[in-house]
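One file, upload-v6.cif, carrying mmCIF, N, CA and C atoms:
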data_structure
loop_
_atom_site.label_atom_id
_atom_site.label_comp_id
_atom_site.auth_asym_id
_atom_site.auth_seq_id
_atom_site.Cartn_x
_atom_site.Cartn_y
_atom_site.Cartn_z
N MET A 1 168.55 89.85 -19.00
CA MET A 1 169.78 89.49 -18.32
C MET A 1 170.85 89.17 -19.37
N PRO A 2 172.04 89.73 -19.24
CA PRO A 2 173.11 89.45 -20.21
C PRO A 2 173.52 87.98 -20.21
N ILE A 3 174.00 87.52 -21.34
CA ILE A 3 174.39 86.12 -21.50
C ILE A 3 175.50 85.75 -20.52
N ALA A 4 176.48 86.62 -20.33
CA ALA A 4 177.59 86.32 -19.43
C ALA A 4 177.11 86.11 -18.00
N THR A 5 176.12 86.87 -17.58
CA THR A 5 175.59 86.72 -16.23
C THR A 5 174.90 85.37 -16.07
N ARG A 6 174.16 84.95 -17.08
CA ARG A 6 173.50 83.64 -17.03
C ARG A 6 174.51 82.51 -16.99
N GLN A 7 175.59 82.65 -17.76
CA GLN A 7 176.62 81.61 -17.78
C GLN A 7 177.33 81.52 -16.44
N VAL A 8 177.60 82.64 -15.82
CA VAL A 8 178.24 82.64 -14.50
C VAL A 8 177.31 82.00 -13.48
N GLY A 9 176.02 82.29 -13.57
CA GLY A 9 175.04 81.69 -12.67
C GLY A 9 174.97 80.18 -12.82
N ARG A 10 174.97 79.72 -14.06
CA ARG A 10 174.95 78.27 -14.31
C ARG A 10 176.22 77.61 -13.81
N LEU A 11 177.35 78.26 -14.04
CA LEU A 11 178.62 77.71 -13.57
C LEU A 11 178.64 77.63 -12.05
N ALA A 12 178.17 78.66 -11.39
CA ALA A 12 178.14 78.66 -9.92
C ALA A 12 177.22 77.55 -9.41
N GLN A 13 176.07 77.36 -10.03
CA GLN A 13 175.16 76.30 -9.61
C GLN A 13 175.77 74.93 -9.84
N SER A 14 176.45 74.76 -10.94
CA SER A 14 177.10 73.47 -11.24
C SER A 14 178.20 73.17 -10.24
N LEU A 15 179.00 74.17 -9.93
CA LEU A 15 180.08 73.96 -8.96
C LEU A 15 179.53 73.66 -7.56
N MET A 16 178.45 74.33 -7.19
CA MET A 16 177.84 74.07 -5.89
C MET A 16 177.28 72.65 -5.84
N ALA A 17 176.66 72.18 -6.93
CA ALA A 17 176.10 70.83 -6.98
C ALA A 17 177.22 69.79 -6.90
N MET A 18 178.32 70.02 -7.61
CA MET A 18 179.45 69.08 -7.55
C MET A 18 180.08 69.06 -6.16
N THR A 19 180.21 70.22 -5.55
CA THR A 19 180.77 70.29 -4.20
C THR A 19 179.88 69.55 -3.21
N PHE A 20 178.57 69.76 -3.32
CA PHE A 20 177.63 69.08 -2.43
C PHE A 20 177.70 67.57 -2.65
N GLY A 21 177.79 67.13 -3.89
CA GLY A 21 177.89 65.70 -4.19
C GLY A 21 179.15 65.08 -3.62
N LEU A 22 180.27 65.77 -3.77
CA LEU A 22 181.52 65.26 -3.20
C LEU A 22 181.47 65.22 -1.68
N PHE A 23 180.82 66.21 -1.09
CA PHE A 23 180.65 66.22 0.36
C PHE A 23 179.84 65.01 0.81
N ILE A 24 178.75 64.74 0.11
CA ILE A 24 177.91 63.60 0.47
C ILE A 24 178.69 62.29 0.36
N VAL A 25 179.40 62.11 -0.75
CA VAL A 25 180.17 60.88 -0.95
C VAL A 25 181.28 60.77 0.10
N GLY A 26 181.98 61.86 0.34
CA GLY A 26 183.09 61.83 1.28
C GLY A 26 182.67 61.66 2.72
N VAL A 27 181.65 62.37 3.14
CA VAL A 27 181.24 62.32 4.54
C VAL A 27 180.37 61.09 4.82
N VAL A 28 179.35 60.89 4.03
CA VAL A 28 178.44 59.78 4.27
C VAL A 28 179.08 58.45 3.86
N GLY A 29 179.80 58.47 2.77
CA GLY A 29 180.39 57.23 2.27
C GLY A 29 181.45 56.64 3.17
N PHE A 30 182.17 57.47 3.88
CA PHE A 30 183.25 56.99 4.72
C PHE A 30 183.03 57.28 6.20
N SER A 31 181.82 57.58 6.57
CA SER A 31 181.50 57.92 7.96
C SER A 31 181.55 56.67 8.83
N HIS A 32 182.10 56.85 10.02
CA HIS A 32 182.11 55.76 11.00
C HIS A 32 180.98 55.90 12.00
N ILE A 33 180.15 56.92 11.84
CA ILE A 33 179.00 57.11 12.70
C ILE A 33 177.89 56.23 12.14
N ASP A 34 177.41 55.29 12.94
CA ASP A 34 176.45 54.29 12.45
C ASP A 34 175.17 54.90 11.91
N VAL A 35 174.65 55.93 12.55
CA VAL A 35 173.39 56.53 12.10
C VAL A 35 173.55 57.10 10.69
N ILE A 36 174.63 57.82 10.45
CA ILE A 36 174.86 58.41 9.12
C ILE A 36 175.12 57.31 8.10
N HIS A 37 175.93 56.35 8.48
CA HIS A 37 176.29 55.26 7.57
C HIS A 37 175.05 54.48 7.15
N ASN A 38 174.23 54.10 8.11
CA ASN A 38 173.04 53.29 7.80
C ASN A 38 171.98 54.07 7.04
N ALA A 39 171.93 55.37 7.21
CA ALA A 39 170.93 56.19 6.52
C ALA A 39 171.11 56.14 5.00
N ALA A 40 172.33 56.02 4.55
CA ALA A 40 172.59 56.04 3.10
C ALA A 40 173.13 54.71 2.58
N HIS A 41 173.10 53.69 3.40
CA HIS A 41 173.72 52.41 3.06
C HIS A 41 173.15 51.79 1.78
N ASP A 42 171.85 51.66 1.69
CA ASP A 42 171.24 51.02 0.52
C ASP A 42 171.46 51.82 -0.76
N VAL A 43 171.43 53.14 -0.64
CA VAL A 43 171.65 53.99 -1.82
C VAL A 43 173.07 53.82 -2.33
N ARG A 44 174.02 53.77 -1.44
CA ARG A 44 175.42 53.60 -1.87
C ARG A 44 175.60 52.28 -2.59
N HIS A 45 175.04 51.21 -2.04
CA HIS A 45 175.22 49.91 -2.67
C HIS A 45 174.48 49.83 -4.01
N SER A 46 173.33 50.47 -4.12
CA SER A 46 172.62 50.44 -5.39
C SER A 46 173.35 51.21 -6.48
N ASN A 47 174.22 52.16 -6.07
CA ASN A 47 175.04 52.91 -7.02
C ASN A 47 176.44 52.33 -7.14
N ALA A 48 176.67 51.13 -6.60
CA ALA A 48 177.95 50.43 -6.65
C ALA A 48 179.07 51.19 -5.98
N PHE A 49 178.74 51.91 -4.91
CA PHE A 49 179.74 52.64 -4.13
C PHE A 49 180.07 51.80 -2.91
N PRO A 50 181.28 51.26 -2.82
CA PRO A 50 181.61 50.40 -1.69
C PRO A 50 181.70 51.21 -0.39
N CYS A 51 181.30 50.58 0.68
CA CYS A 51 181.37 51.29 1.96
C CYS A 51 181.95 50.44 3.06
N HIS A 52 182.26 49.18 2.79
CA HIS A 52 182.94 48.39 3.81
C HIS A 52 183.82 47.38 3.16
#

What would the structure in this file look like if it were written as structure tokens?
Amino acid sequence: MPIATRQVGRLAQSLMAMTFGLFIVGVVGFSHIDVIHNAAHDVRHSNAFPCH
């Protein structure tokens, strides 16, 4: 596999991971739905991410 193809693959994977992470923080971190909020509550606080 050419080096350029591997680099594009790594870049795509990195961008997808960052997008997924931002989605999780944005949706779960600021969700007003109690089930979603409580599911990730302890993890957010252990990572010092305020949620209320």

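Atom N of A:Val28 is positioned 8.4 Å from atom CA of A:Ala40.
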
Using DSSP secondary structure from the backbone, list all alpha helix (DSSP H) positions within chain A, as a ChimeraX atom specification. /A:3-23,29,34-39,41-46

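Across the model, the gap from atom C of A:Gly26 to atom N of A:Gln13 is 21.3 Å.
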
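Here atom C of A:Gly21 and atom N of A:Val43 stand 14.5 Å from one another.
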